[in-house]
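Working notes, structure below.
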There are 2 protein chains.
Amino acid sequence: MITLSEENYLKTIYHLESREGNAVSTNAIAEKIETKASSVTDMLKKLAEKNLITYIKYKGVNLTKEGKLTAVDIIRKHRLWEVFLVDKLNFSWDEVHDVAEQLEHIKSQKLINELDAFLKFPSHDPHGDPIPDKNGQIQRTAKIVLSMAQIDKTYTCVGVLDSSSEFLKYLDKHKIGIGTEIEVKDKEEFDQSMTLKINKKEMVMSKSITNNIYVKAHNEH
Amino acid sequence: MITLSEENYLKTIYHLESREGNAVSTNAIAEKIETKASSVTDMLKKLAEKNLITYIKYKGVNLTKEGKLTAVDIIRKHRLWEVFLVDKLNFSWDEVHDVAEQLEHIKSQKLINELDAFLKFPSHDPHGDPIPDKNGQIQRTAKIVLSMAQIDKTYTCVGVLDSSSEFLKYLDKHKIGIGTEIEVKDKEEFDQSMTLKINKKEMVMSKSITNNIYVKAHNEH
DNA sequence: ATATTTTTTTAGTCTTGTCTAAATTTTATT
DNA sequence: AATAAAATTTAGACAAGACTAAAAAAATAT
Ligand SMILES: [Mn+2]
Ligand SMILES: [Mn+2]
Ligand SMILES: [Mn+2]
Ligand SMILES: [Mn+2]
């Protein structure tokens with residue numbers, strides 16, 4: 001049996017590993033989980049003992065195949081519950097994360113598969129993140145951060161990198177969400193701030209914002 | 001903060017208290033929770049410390065007003081989740097309990113109130129048990145166990161006392177559920193077994209079964 | 001009223017997951 | 001290459017929640 005705490009470690013390691021590429025450090029995990037490095041070391045020994053990670057002292061960790069499958073399954077549950085909360089229970093996208101953190105640990109294969117069907121097999125969660133399928137396959141779509149976009153091209157918002165409540169509320173305030181069209185009018189060399197046309201109005205965004213919005217270029221024809 | 005384990009104790013004490021009336025014994029709790037009496041004693045001290053129960057050594061426990069409110073809130077969540085699982089996710093009434101045992105501990109006021117609305121404010125769970133409202137009020141309906149029913153009268157099944165998977169499957173097998181009409185044809189003095197007309201067919205039920213079915217008499221006119 | 005049985009509590013131990021402080025290893029700097 | 005700094009691990013402690021074995025209290029039987 002895998003515990004709630006172990007599940008949280010696996011999920012965190014998965015996210016860090018897919019961002020960094022190489023082995024994940026003790027401190028990086030500690031920071032994400034908001035715990036002390038020594039607690040992380042203790043847990044890493046347990047996860048290695050259960051063959052969920054490969055752990056070399058002082059060298060960091062990587063998920064094993066089994067660890068990865070477990071992590072992806074938790075992420076699948078997290079994202080499906082987020083869809084449920086937004087689509088069926090009138091939650092806004094900045095309210096779902098904390099509840100999904102709890103719901104992702106409910107253990108029932110039937111529950112999650114029926115939920116998936118009930119929601120009509122959604123491909124993405126409310127933040128634009130892809131939902132792994134029953135077998136752990138993740139369908140990745142091409143996307144770039146808005147800060148990398150080119151002047152005079154038009155894009156569609158397909159997701160967010162920062163999905164903190166504060167950032168999402170900023171987007172709400174400016175009526176920006178998944179599917180919103182964004183036309184790049186200008187980019188300031190000095191601070192990389194961008195002038196954008198959104199909802200027929202022009203606005204300026206600093207780099208700390210454009211860095212956290214994922215967009216997809218419109219198909220040329 | 002109240003822990004998952006504490007919630008389970010409160011819920012158990014509530015059920016025992018409402019069945020027995022008087023103070024609840026350590027052993028009774030231990031048996032329900034499937035733990036040892038010594039573990040129960042430990043927990044009772046903690047709950048008393050938090051003013052959720054009144055506990056007198058060797059004399060058993062009772063819930064305080066606050067303890068009762070907490071217990072009822074957990075029962076509300078449990079039963080609402082059971083309705084969700086049956087009505088929306090194609091669970092049958094013998095499959096829902098274990099999952100609801102997990103879901104009842106999810107902490108989010110908004111979640112449970114929205115779920116309630118999404119389900120159209122159901123009054124009873126799939127086993128015929130009443131769902132407490134937002135304020136902890138429980139609407140109790142008059143009902144008797146089938147074994148107490150009178151010959152030649154007609155009743156409607158409104159609930160079950162034993163909601164174990166085994167018993168519910170027995171009922172399914174004979175196409176008996178909430179709302180099923182039951183006409184009492186005869187009652188054997190010797191073993192109290194009853195001859196009933198259900199779904200246009202006659203059948204005999206032993207007392208151990210009729211003791212676990214709740215019915216309501218049809219209104220005479 | 002005494003003795004026996006049952007119930008409940010206490011004492012001491014264990015596991016999980018966390019912490020602080022100290023020791024060790026690795027990495028960066030001179 | 002030696003030293004300083006940063007990262008990581010180890011050692012020892014603690015709280016929650018459970019357990020076993022023993023002691024104490026309450027209930028029952030003689
Ligand atoms: Mn989330
Ligand atoms: Mn998300
Ligand atoms: Mn139930
Ligand atoms: Mn029920």
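Lettering and numbering for the structure tokens are positional, with chains as A, B, ... in the shown order, residues counted from 1 in each chain, and ligands counted from 1 in the shown order.
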
Open item on the list: Applying 9 Å and only C-alpha atoms (C1' of nucleotides), which residues near Asn51 of chain A remain after dropping the ones on its own chain fewer than 5 positions away? List them as a list in words.
Closed with: Lys46, Leu63, Thr64, Glu66 and Gly67 of chain A

Create the file for the chosen residues now, containing C-alpha atoms and written as an mmCIF file, in the first residue's frame.
data_model
loop_
_atom_site.group_PDB
_atom_site.id
_atom_site.type_symbol
_atom_site.label_atom_id
_atom_site.label_comp_id
_atom_site.auth_asym_id
_atom_site.auth_seq_id
_atom_site.Cartn_x
_atom_site.Cartn_y
_atom_site.Cartn_z
ATOM 1 C CA LYS A 46 11.399 4.476 1.846
ATOM 2 C CA LEU A 63 11.392 7.792 -10.747
ATOM 3 C CA THR A 64 11.357 4.151 -11.789
ATOM 4 C CA GLU A 66 6.495 1.999 -11.590
ATOM 5 C CA GLY A 67 7.026 5.289 -9.762
#

Open item on the list: Give me, as a list in words, the set of residues whose atoms come within 7 Å of any atom of ligand 3, counting only C-alpha atoms (C1' of nucleotides) and all ligand atoms.
Closed with: His78, Arg79, Glu82, Val96, His97, Ala100 and Glu101 of chain B

Those residues with C-alpha atoms, as an mmCIF file, in the first residue's frame please?
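File selection.cif, as written:
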data_model
loop_
_atom_site.group_PDB
_atom_site.id
_atom_site.type_symbol
_atom_site.label_atom_id
_atom_site.label_comp_id
_atom_site.auth_asym_id
_atom_site.auth_seq_id
_atom_site.Cartn_x
_atom_site.Cartn_y
_atom_site.Cartn_z
ATOM 1 C CA HIS B 78 -21.056 10.535 3.380
ATOM 2 C CA ARG B 79 -24.654 10.298 2.232
ATOM 3 C CA GLU B 82 -23.309 8.056 -1.984
ATOM 4 C CA VAL B 96 -20.783 3.005 -2.637
ATOM 5 C CA HIS B 97 -20.032 2.689 1.053
ATOM 6 C CA ALA B 100 -17.951 7.303 0.579
ATOM 7 C CA GLU B 101 -15.921 6.421 3.676
#

Can you tell me which residues come within 12 Å of ligand 4 when counting only C-alpha atoms (C1' of nucleotides) and all ligand atoms, ideally as a short mmCIF file (atom, residue, chain, number, x, y, z; two decimals) with C-alpha atoms, in the first residue's frame?
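So the final result, stored in result-v5.cif, reads:
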data_model
loop_
_atom_site.label_atom_id
_atom_site.label_comp_id
_atom_site.auth_asym_id
_atom_site.auth_seq_id
_atom_site.Cartn_x
_atom_site.Cartn_y
_atom_site.Cartn_z
CA ILE B 75 -22.72 11.85 7.86
CA ARG B 76 -24.15 14.52 5.54
CA LYS B 77 -21.07 14.33 3.36
CA HIS B 78 -21.06 10.53 3.38
CA ARG B 79 -24.65 10.30 2.23
CA LEU B 80 -24.40 13.04 -0.38
CA TRP B 81 -21.37 11.33 -1.92
CA GLU B 82 -23.31 8.06 -1.98
CA VAL B 83 -26.09 9.75 -3.93
CA PHE B 84 -23.53 11.18 -6.34
CA LEU B 85 -21.94 7.79 -6.93
CA VAL B 86 -25.27 6.08 -7.62
CA SER B 92 -24.87 0.27 -7.42
CA TRP B 93 -26.03 0.70 -3.84
CA ASP B 94 -23.78 -2.10 -2.60
CA GLU B 95 -20.63 -0.50 -4.04
CA VAL B 96 -20.78 3.01 -2.64
CA HIS B 97 -20.03 2.69 1.05
CA ASP B 98 -16.26 2.16 0.98
CA VAL B 99 -15.65 5.03 -1.43
CA ALA B 100 -17.95 7.30 0.58
CA GLU B 101 -15.92 6.42 3.68
CA GLU B 104 -16.59 12.02 3.62
CA HIS B 124 -32.27 10.43 1.31
CA ASP B 125 -29.21 8.39 0.35
CA PRO B 126 -29.34 5.21 -1.78
CA HIS B 127 -30.06 3.10 1.32
CA GLY B 128 -33.01 5.24 2.38
CA ASP B 129 -31.11 7.06 5.13
CA PRO B 130 -31.98 10.75 5.57
CA ILE B 131 -29.43 13.39 4.56
CA GLY B 159 -34.70 1.69 3.62
CA VAL B 160 -32.43 -0.99 5.00
CA LEU B 161 -30.96 -1.48 8.44
CA ASP B 162 -28.11 -3.71 7.30
CA SER B 163 -26.43 -2.04 4.35
CA SER B 164 -23.69 -4.60 3.89
CA SER B 165 -22.84 -5.53 0.34
CA LEU B 168 -27.93 -5.55 -0.62
#

TODO: Could you list, as a PyMOL selection string, the residues of chain B having an atom within 9 Å of chain A when counting only C-alpha atoms?
DONE: chain B and resi 85+88-91+99+102-103+106-108+110-111+114-115+117-118

Could the residues in this selection be written to a file with N, CA, C and O atoms, as a tab-separated table (two decimals), in the first residue's frame?
chain	number	residue	atom	x	y	z
B	85	LEU	N	-22.49	9.00	-6.31
B	85	LEU	CA	-21.94	7.79	-6.93
B	85	LEU	C	-23.02	6.97	-7.63
B	85	LEU	O	-22.80	6.46	-8.74
B	88	LYS	N	-24.94	9.59	-10.52
B	88	LYS	CA	-24.15	10.14	-11.61
B	88	LYS	C	-23.07	9.20	-12.15
B	88	LYS	O	-22.69	9.29	-13.31
B	89	LEU	N	-22.53	8.34	-11.29
B	89	LEU	CA	-21.40	7.52	-11.74
B	89	LEU	C	-21.70	6.02	-11.86
B	89	LEU	O	-20.78	5.20	-11.85
B	90	ASN	N	-22.96	5.66	-11.96
B	90	ASN	CA	-23.34	4.28	-12.23
B	90	ASN	C	-22.87	3.26	-11.19
B	90	ASN	O	-22.66	2.09	-11.52
B	91	PHE	N	-22.70	3.71	-9.94
B	91	PHE	CA	-22.40	2.74	-8.89
B	91	PHE	C	-23.73	2.11	-8.46
B	91	PHE	O	-24.78	2.75	-8.53
B	99	VAL	N	-16.15	3.80	-0.80
B	99	VAL	CA	-15.65	5.03	-1.43
B	99	VAL	C	-16.14	6.24	-0.65
B	99	VAL	O	-15.39	7.19	-0.42
B	102	GLN	N	-14.14	7.26	2.27
B	102	GLN	CA	-12.98	8.11	1.97
B	102	GLN	C	-13.43	9.54	1.68
B	102	GLN	O	-12.85	10.50	2.18
B	103	LEU	N	-14.45	9.68	0.83
B	103	LEU	CA	-14.87	11.00	0.38
B	103	LEU	C	-15.42	11.87	1.50
B	103	LEU	O	-15.31	13.10	1.46
B	106	ILE	N	-13.15	14.74	2.90
B	106	ILE	CA	-12.67	15.88	2.11
B	106	ILE	C	-13.18	17.16	2.73
B	106	ILE	O	-14.38	17.30	3.02
B	107	LYS	N	-12.27	18.11	2.94
B	107	LYS	CA	-12.64	19.34	3.63
B	107	LYS	C	-12.83	20.50	2.67
B	107	LYS	O	-11.87	21.01	2.10
B	108	SER	N	-14.08	20.89	2.45
B	108	SER	CA	-14.41	22.05	1.63
B	108	SER	C	-15.90	22.31	1.76
B	108	SER	O	-16.72	21.54	1.26
B	110	LYS	N	-17.58	24.67	0.36
B	110	LYS	CA	-18.14	24.97	-0.95
B	110	LYS	C	-18.42	23.68	-1.72
B	110	LYS	O	-19.47	23.52	-2.33
B	111	LEU	N	-17.46	22.78	-1.65
B	111	LEU	CA	-17.62	21.52	-2.37
B	111	LEU	C	-18.93	20.83	-1.99
B	111	LEU	O	-19.72	20.44	-2.84
B	114	GLU	N	-22.14	22.79	-3.01
B	114	GLU	CA	-22.36	22.75	-4.46
B	114	GLU	C	-22.79	21.35	-4.89
B	114	GLU	O	-23.65	21.19	-5.78
B	115	LEU	N	-22.20	20.34	-4.26
B	115	LEU	CA	-22.59	18.97	-4.59
B	115	LEU	C	-24.06	18.76	-4.26
B	115	LEU	O	-24.82	18.17	-5.05
B	117	ALA	N	-26.42	20.97	-4.20
B	117	ALA	CA	-27.23	21.64	-5.22
B	117	ALA	C	-27.21	20.87	-6.54
B	117	ALA	O	-28.25	20.69	-7.18
B	118	PHE	N	-26.03	20.40	-6.91
B	118	PHE	CA	-25.88	19.64	-8.16
B	118	PHE	C	-26.77	18.41	-8.17
B	118	PHE	O	-27.33	18.02	-9.20

Which residues are close to segment 13-26 of chain C, i.e. within 10 Å by only C-alpha atoms (C1' of nucleotides), leaving aside same-chain residues fewer than 6 positions away? Reply as a PDB file with N, CA, C and O atoms (P, O5', C5', C4', C3', O3' and C1' of nucleotides), in the first residue's frame.
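Saved to selection.pdb:
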ATOM      1  N   THR A   3       1.148   5.265   0.727  1.00  0.00           N
ATOM      2  CA  THR A   3       0.488   6.232   1.601  1.00  0.00           C
ATOM      3  C   THR A   3       0.253   7.563   0.899  1.00  0.00           C
ATOM      4  O   THR A   3       0.848   7.851  -0.139  1.00  0.00           O
ATOM      5  N   SER A   5       1.226  10.443   1.862  1.00  0.00           N
ATOM      6  CA  SER A   5       2.469  11.206   1.853  1.00  0.00           C
ATOM      7  C   SER A   5       3.398  10.746   0.728  1.00  0.00           C
ATOM      8  O   SER A   5       3.984  11.570   0.011  1.00  0.00           O
ATOM      9  N   THR A  35       8.787  21.164   3.326  1.00  0.00           N
ATOM     10  CA  THR A  35       9.246  20.368   4.455  1.00  0.00           C
ATOM     11  C   THR A  35      10.765  20.543   4.540  1.00  0.00           C
ATOM     12  O   THR A  35      11.345  21.283   3.752  1.00  0.00           O
ATOM     13  N   LYS A  36      11.399  19.863   5.488  1.00  0.00           N
ATOM     14  CA  LYS A  36      12.841  20.010   5.656  1.00  0.00           C
ATOM     15  C   LYS A  36      13.587  18.951   4.854  1.00  0.00           C
ATOM     16  O   LYS A  36      13.084  17.845   4.638  1.00  0.00           O
ATOM     17  N   SER A  38      15.936  17.062   5.622  1.00  0.00           N
ATOM     18  CA  SER A  38      16.145  15.796   6.339  1.00  0.00           C
ATOM     19  C   SER A  38      14.916  14.890   6.260  1.00  0.00           C
ATOM     20  O   SER A  38      15.046  13.665   6.189  1.00  0.00           O
ATOM     21  N   SER A  39      13.742  15.499   6.257  1.00  0.00           N
ATOM     22  CA  SER A  39      12.516  14.708   6.115  1.00  0.00           C
ATOM     23  C   SER A  39      12.463  14.073   4.722  1.00  0.00           C
ATOM     24  O   SER A  39      12.035  12.927   4.565  1.00  0.00           O
ATOM     25  N   VAL A  40      12.918  14.839   3.746  1.00  0.00           N
ATOM     26  CA  VAL A  40      12.927  14.318   2.378  1.00  0.00           C
ATOM     27  C   VAL A  40      13.855  13.110   2.280  1.00  0.00           C
ATOM     28  O   VAL A  40      13.484  12.069   1.731  1.00  0.00           O
ATOM     29  N   ASP A  42      14.688  11.012   4.526  1.00  0.00           N
ATOM     30  CA  ASP A  42      14.003   9.863   5.137  1.00  0.00           C
ATOM     31  C   ASP A  42      13.030   9.215   4.165  1.00  0.00           C
ATOM     32  O   ASP A  42      13.018   7.995   3.983  1.00  0.00           O
ATOM     33  N   MET A  43      12.230  10.047   3.524  1.00  0.00           N
ATOM     34  CA  MET A  43      11.210   9.520   2.623  1.00  0.00           C
ATOM     35  C   MET A  43      11.835   8.877   1.385  1.00  0.00           C
ATOM     36  O   MET A  43      11.345   7.850   0.902  1.00  0.00           O
ATOM     37  N   LYS A  57      22.714   8.264  -2.904  1.00  0.00           N
ATOM     38  CA  LYS A  57      23.069   9.237  -1.867  1.00  0.00           C
ATOM     39  C   LYS A  57      23.836  10.427  -2.435  1.00  0.00           C
ATOM     40  O   LYS A  57      24.824  10.235  -3.155  1.00  0.00           O
ATOM     41  N   TYR A  58      23.423  11.586  -2.095  1.00  0.00           N
ATOM     42  CA  TYR A  58      24.058  12.846  -2.504  1.00  0.00           C
ATOM     43  C   TYR A  58      23.901  13.156  -3.989  1.00  0.00           C
ATOM     44  O   TYR A  58      24.343  14.192  -4.462  1.00  0.00           O
ATOM     45  N   LYS A  59      23.285  12.247  -4.747  1.00  0.00           N
ATOM     46  CA  LYS A  59      23.223  12.440  -6.197  1.00  0.00           C
ATOM     47  C   LYS A  59      21.816  12.703  -6.724  1.00  0.00           C
ATOM     48  O   LYS A  59      21.624  12.848  -7.923  1.00  0.00           O
TER      49      LYS A  59
ATOM     50  P    DA D   6      26.713  29.984   1.019  1.00  0.00           P
ATOM     51  O5'  DA D   6      26.262  28.567   0.435  1.00  0.00           O
ATOM     52  C5'  DA D   6      26.632  28.211  -0.893  1.00  0.00           C
ATOM     53  C4'  DA D   6      26.161  26.794  -1.161  1.00  0.00           C
ATOM     54  C3'  DA D   6      24.732  26.528  -0.699  1.00  0.00           C
ATOM     55  O3'  DA D   6      24.054  25.942  -1.793  1.00  0.00           O
ATOM     56  C1'  DA D   6      26.204  24.892   0.186  1.00  0.00           C
ATOM     57  P    DA D   7      22.544  25.357  -1.664  1.00  0.00           P
ATOM     58  O5'  DA D   7      22.799  23.795  -1.505  1.00  0.00           O
ATOM     59  C5'  DA D   7      23.534  23.103  -2.501  1.00  0.00           C
ATOM     60  C4'  DA D   7      23.607  21.632  -2.144  1.00  0.00           C
ATOM     61  C3'  DA D   7      22.258  21.004  -1.809  1.00  0.00           C
ATOM     62  O3'  DA D   7      22.164  19.809  -2.569  1.00  0.00           O
ATOM     63  C1'  DA D   7      23.797  20.608  -0.041  1.00  0.00           C
ATOM     64  P    DT D   8      20.909  18.819  -2.499  1.00  0.00           P
ATOM     65  O5'  DT D   8      21.342  17.810  -1.362  1.00  0.00           O
ATOM     66  C5'  DT D   8      22.469  16.970  -1.583  1.00  0.00           C
ATOM     67  C4'  DT D   8      22.744  16.144  -0.348  1.00  0.00           C
ATOM     68  C3'  DT D   8      21.534  15.369   0.168  1.00  0.00           C
ATOM     69  O3'  DT D   8      21.777  13.994  -0.072  1.00  0.00           O
ATOM     70  C1'  DT D   8      22.805  16.341   1.932  1.00  0.00           C
ATOM     71  P    DT D   9      20.778  12.848   0.437  1.00  0.00           P
ATOM     72  O5'  DT D   9      21.423  12.449   1.835  1.00  0.00           O
ATOM     73  C5'  DT D   9      22.786  12.020   1.871  1.00  0.00           C
ATOM     74  C4'  DT D   9      23.227  11.816   3.315  1.00  0.00           C
ATOM     75  C3'  DT D   9      22.366  10.829   4.105  1.00  0.00           C
ATOM     76  O3'  DT D   9      23.214   9.833   4.644  1.00  0.00           O
ATOM     77  C1'  DT D   9      22.694  12.839   5.331  1.00  0.00           C
ATOM     78  P    DT D  10      22.647   8.606   5.493  1.00  0.00           P
ATOM     79  O5'  DT D  10      22.895   9.076   7.000  1.00  0.00           O
ATOM     80  C5'  DT D  10      24.234   9.294   7.449  1.00  0.00           C
ATOM     81  C4'  DT D  10      24.226   9.750   8.892  1.00  0.00           C
ATOM     82  C3'  DT D  10      23.467   8.830   9.857  1.00  0.00           C
ATOM     83  O3'  DT D  10      24.299   8.627  10.986  1.00  0.00           O
ATOM     84  C1'  DT D  10      22.735  11.054  10.111  1.00  0.00           C
ATOM     85  P    DA D  11      23.943   7.473  12.041  1.00  0.00           P
ATOM     86  O5'  DA D  11      23.572   8.323  13.343  1.00  0.00           O
ATOM     87  C5'  DA D  11      24.267   9.536  13.637  1.00  0.00           C
ATOM     88  C4'  DA D  11      23.612  10.214  14.829  1.00  0.00           C
ATOM     89  C3'  DA D  11      22.785   9.298  15.728  1.00  0.00           C
ATOM     90  O3'  DA D  11      23.021   9.652  17.088  1.00  0.00           O
ATOM     91  C1'  DA D  11      21.422  11.047  14.936  1.00  0.00           C
ATOM     92  P    DG D  12      22.383   8.815  18.308  1.00  0.00           P
ATOM     93  O5'  DG D  12      21.198   9.772  18.795  1.00  0.00           O
ATOM     94  C5'  DG D  12      21.483  11.137  19.076  1.00  0.00           C
ATOM     95  C4'  DG D  12      20.178  11.874  19.322  1.00  0.00           C
ATOM     96  C3'  DG D  12      19.163  11.061  20.159  1.00  0.00           C
ATOM     97  O3'  DG D  12      18.520  11.934  21.064  1.00  0.00           O
ATOM     98  C1'  DG D  12      18.178  11.747  18.173  1.00  0.00           C
ATOM     99  P    DA D  13      17.512  11.379  22.224  1.00  0.00           P
ATOM    100  O5'  DA D  13      16.213  12.276  21.992  1.00  0.00           O
ATOM    101  C5'  DA D  13      16.363  13.677  21.729  1.00  0.00           C
ATOM    102  C4'  DA D  13      15.058  14.217  21.157  1.00  0.00           C
ATOM    103  C3'  DA D  13      13.806  13.668  21.857  1.00  0.00           C
ATOM    104  O3'  DA D  13      13.018  14.739  22.335  1.00  0.00           O
ATOM    105  C1'  DA D  13      13.627  13.522  19.487  1.00  0.00           C
ATOM    106  P    DC D  14      11.759  14.498  23.260  1.00  0.00           P
ATOM    107  O5'  DC D  14      10.546  14.738  22.242  1.00  0.00           O
ATOM    108  C5'  DC D  14      10.528  15.906  21.427  1.00  0.00           C
ATOM    109  C4'  DC D  14       9.330  15.833  20.488  1.00  0.00           C
ATOM    110  C3'  DC D  14       8.083  15.239  21.141  1.00  0.00           C
ATOM    111  O3'  DC D  14       6.969  16.053  20.870  1.00  0.00           O
ATOM    112  C1'  DC D  14       8.571  14.117  19.117  1.00  0.00           C
ATOM    113  P    DA D  15       5.658  15.954  21.804  1.00  0.00           P
ATOM    114  O5'  DA D  15       4.510  15.687  20.734  1.00  0.00           O
ATOM    115  C5'  DA D  15       4.357  16.569  19.620  1.00  0.00           C
ATOM    116  C4'  DA D  15       3.406  15.919  18.626  1.00  0.00           C
ATOM    117  C3'  DA D  15       2.178  15.289  19.289  1.00  0.00           C
ATOM    118  O3'  DA D  15       1.031  15.586  18.502  1.00  0.00           O
ATOM    119  C1'  DA D  15       3.377  13.648  18.065  1.00  0.00           C
ATOM    120  P    DA D  16      -0.391  15.039  19.004  1.00  0.00           P
ATOM    121  O5'  DA D  16      -0.747  13.906  17.940  1.00  0.00           O
ATOM    122  C5'  DA D  16      -0.694  14.216  16.555  1.00  0.00           C
ATOM    123  C4'  DA D  16      -1.018  12.956  15.774  1.00  0.00           C
ATOM    124  C3'  DA D  16      -2.239  12.206  16.311  1.00  0.00           C
ATOM    125  O3'  DA D  16      -3.036  11.799  15.210  1.00  0.00           O
ATOM    126  C1'  DA D  16      -0.349  10.781  16.301  1.00  0.00           C
ATOM    127  P    DG D  17      -4.509  11.272  15.493  1.00  0.00           P
ATOM    128  O5'  DG D  17      -4.354   9.687  15.455  1.00  0.00           O
ATOM    129  C5'  DG D  17      -3.815   9.074  14.310  1.00  0.00           C
ATOM    130  C4'  DG D  17      -3.439   7.646  14.631  1.00  0.00           C
ATOM    131  C3'  DG D  17      -4.496   6.879  15.435  1.00  0.00           C
ATOM    132  O3'  DG D  17      -4.806   5.679  14.759  1.00  0.00           O
ATOM    133  C1'  DG D  17      -2.351   6.561  16.346  1.00  0.00           C
ATOM    134  P    DA D  18      -6.139   4.848  15.162  1.00  0.00           P
ATOM    135  O5'  DA D  18      -5.522   3.490  15.754  1.00  0.00           O
ATOM    136  C5'  DA D  18      -4.982   2.544  14.863  1.00  0.00           C
ATOM    137  C4'  DA D  18      -3.764   1.861  15.461  1.00  0.00           C
ATOM    138  C3'  DA D  18      -4.025   0.821  16.544  1.00  0.00           C
ATOM    139  O3'  DA D  18      -4.429  -0.404  15.986  1.00  0.00           O
ATOM    140  C1'  DA D  18      -2.002   2.039  16.913  1.00  0.00           C
ATOM    141  P    DC D  19      -5.045  -1.542  16.894  1.00  0.00           P
ATOM    142  O5'  DC D  19      -3.791  -2.253  17.613  1.00  0.00           O
ATOM    143  C5'  DC D  19      -2.750  -2.809  16.816  1.00  0.00           C
ATOM    144  C4'  DC D  19      -1.635  -3.287  17.734  1.00  0.00           C
ATOM    145  C3'  DC D  19      -2.134  -4.164  18.879  1.00  0.00           C
ATOM    146  O3'  DC D  19      -1.852  -5.529  18.616  1.00  0.00           O
ATOM    147  C1'  DC D  19      -0.640  -2.450  19.675  1.00  0.00           C
ATOM    148  P    DT D  20      -2.438  -6.610  19.697  1.00  0.00           P
ATOM    149  O5'  DT D  20      -1.332  -6.657  20.847  1.00  0.00           O
ATOM    150  C5'  DT D  20       0.041  -6.953  20.545  1.00  0.00           C
ATOM    151  C4'  DT D  20       0.798  -7.138  21.840  1.00  0.00           C
ATOM    152  C3'  DT D  20       0.164  -8.134  22.801  1.00  0.00           C
ATOM    153  O3'  DT D  20       1.194  -8.872  23.452  1.00  0.00           O
ATOM    154  C1'  DT D  20       0.283  -6.000  23.845  1.00  0.00           C
TER     155       DT D  20
END

- [ ] Give me every strand (DSSP E or B) residue in segment 5-149 of chain A, going by DSSP on the backbone, as a PyMOL selection string.
- [x] chain A and resi 24+53-56+60-63+124+130+144-145

Selection file, C-alpha atoms, as a PDB file, in the first residue's frame:
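What ended up in again-v9.pdb:
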ATOM      1  CA  VAL A  24      15.971  15.685  -8.792  1.00  0.00           C
ATOM      2  CA  ILE A  53      12.551   5.718  -7.279  1.00  0.00           C
ATOM      3  CA  THR A  54      16.250   5.168  -7.922  1.00  0.00           C
ATOM      4  CA  TYR A  55      18.151   6.975  -5.238  1.00  0.00           C
ATOM      5  CA  ILE A  56      21.900   7.495  -5.009  1.00  0.00           C
ATOM      6  CA  GLY A  60      19.474  12.940  -6.315  1.00  0.00           C
ATOM      7  CA  VAL A  61      16.599  10.746  -7.449  1.00  0.00           C
ATOM      8  CA  ASN A  62      14.714   9.586 -10.523  1.00  0.00           C
ATOM      9  CA  LEU A  63      11.392   7.792 -10.747  1.00  0.00           C
ATOM     10  CA  HIS A 124      -7.298  19.062 -20.581  1.00  0.00           C
ATOM     11  CA  PRO A 130      -3.295  17.595 -20.403  1.00  0.00           C
ATOM     12  CA  ILE A 144       5.185  28.293 -26.183  1.00  0.00           C
ATOM     13  CA  VAL A 145       5.226  30.894 -23.457  1.00  0.00           C
TER      14      VAL A 145
END

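Taking only C-alpha atoms (C1' of nucleotides), the non-local environment of Asn199 of chain A within 10 Å (same-chain residues fewer than 5 positions away omitted) comprises His174, Lys175, Ile176, Thr180, Glu181, Ile182 and Glu183 of chain A.
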
Task: Contacts of Ala28 of chain B at 9 Å (only C-alpha atoms (C1' of nucleotides); same-chain gap of 6+ positions) as an MDAnalysis selection string - done: chainID B and resid 13 16 37

Check which residues of chain C sit at most 8 Å from chain B using only C-alpha atoms (C1' of nucleotides), and return one row each with the closest pair of atoms and their distance in Å to one decimal, ordered by chain and rising number, as a tab-separated table.
residue	atom	partner	partner_atom	distance
C:DT7	C1'	B:Asn27	CA	7.7
C:DT8	C1'	B:Tyr58	CA	5.8
C:DT9	C1'	B:Thr41	CA	7.2

Requested write-out: N, CA, C and O atoms (P, O5', C5', C4', C3', O3' and C1' of nucleotides) of the selected residues, as a PDB file, in the first residue's frame:
ATOM      1  P    DT C   7     -17.455  -7.729  28.490  1.00  0.00           P
ATOM      2  O5'  DT C   7     -16.906  -6.388  29.141  1.00  0.00           O
ATOM      3  C5'  DT C   7     -17.719  -5.682  30.069  1.00  0.00           C
ATOM      4  C4'  DT C   7     -16.971  -4.453  30.522  1.00  0.00           C
ATOM      5  C3'  DT C   7     -16.381  -3.621  29.386  1.00  0.00           C
ATOM      6  O3'  DT C   7     -16.861  -2.296  29.559  1.00  0.00           O
ATOM      7  C1'  DT C   7     -14.724  -4.061  31.045  1.00  0.00           C
ATOM      8  P    DT C   8     -16.480  -1.085  28.577  1.00  0.00           P
ATOM      9  O5'  DT C   8     -15.177  -0.479  29.254  1.00  0.00           O
ATOM     10  C5'  DT C   8     -15.283   0.068  30.570  1.00  0.00           C
ATOM     11  C4'  DT C   8     -13.908   0.462  31.051  1.00  0.00           C
ATOM     12  C3'  DT C   8     -13.136   1.345  30.075  1.00  0.00           C
ATOM     13  O3'  DT C   8     -12.993   2.612  30.682  1.00  0.00           O
ATOM     14  C1'  DT C   8     -11.759  -0.353  31.038  1.00  0.00           C
ATOM     15  P    DT C   9     -12.152   3.785  30.040  1.00  0.00           P
ATOM     16  O5'  DT C   9     -10.728   3.613  30.748  1.00  0.00           O
ATOM     17  C5'  DT C   9     -10.655   3.672  32.169  1.00  0.00           C
ATOM     18  C4'  DT C   9      -9.242   3.365  32.624  1.00  0.00           C
ATOM     19  C3'  DT C   9      -8.163   4.273  32.037  1.00  0.00           C
ATOM     20  O3'  DT C   9      -7.435   4.835  33.114  1.00  0.00           O
ATOM     21  C1'  DT C   9      -7.542   1.986  31.834  1.00  0.00           C
TER      22       DT C   9
END
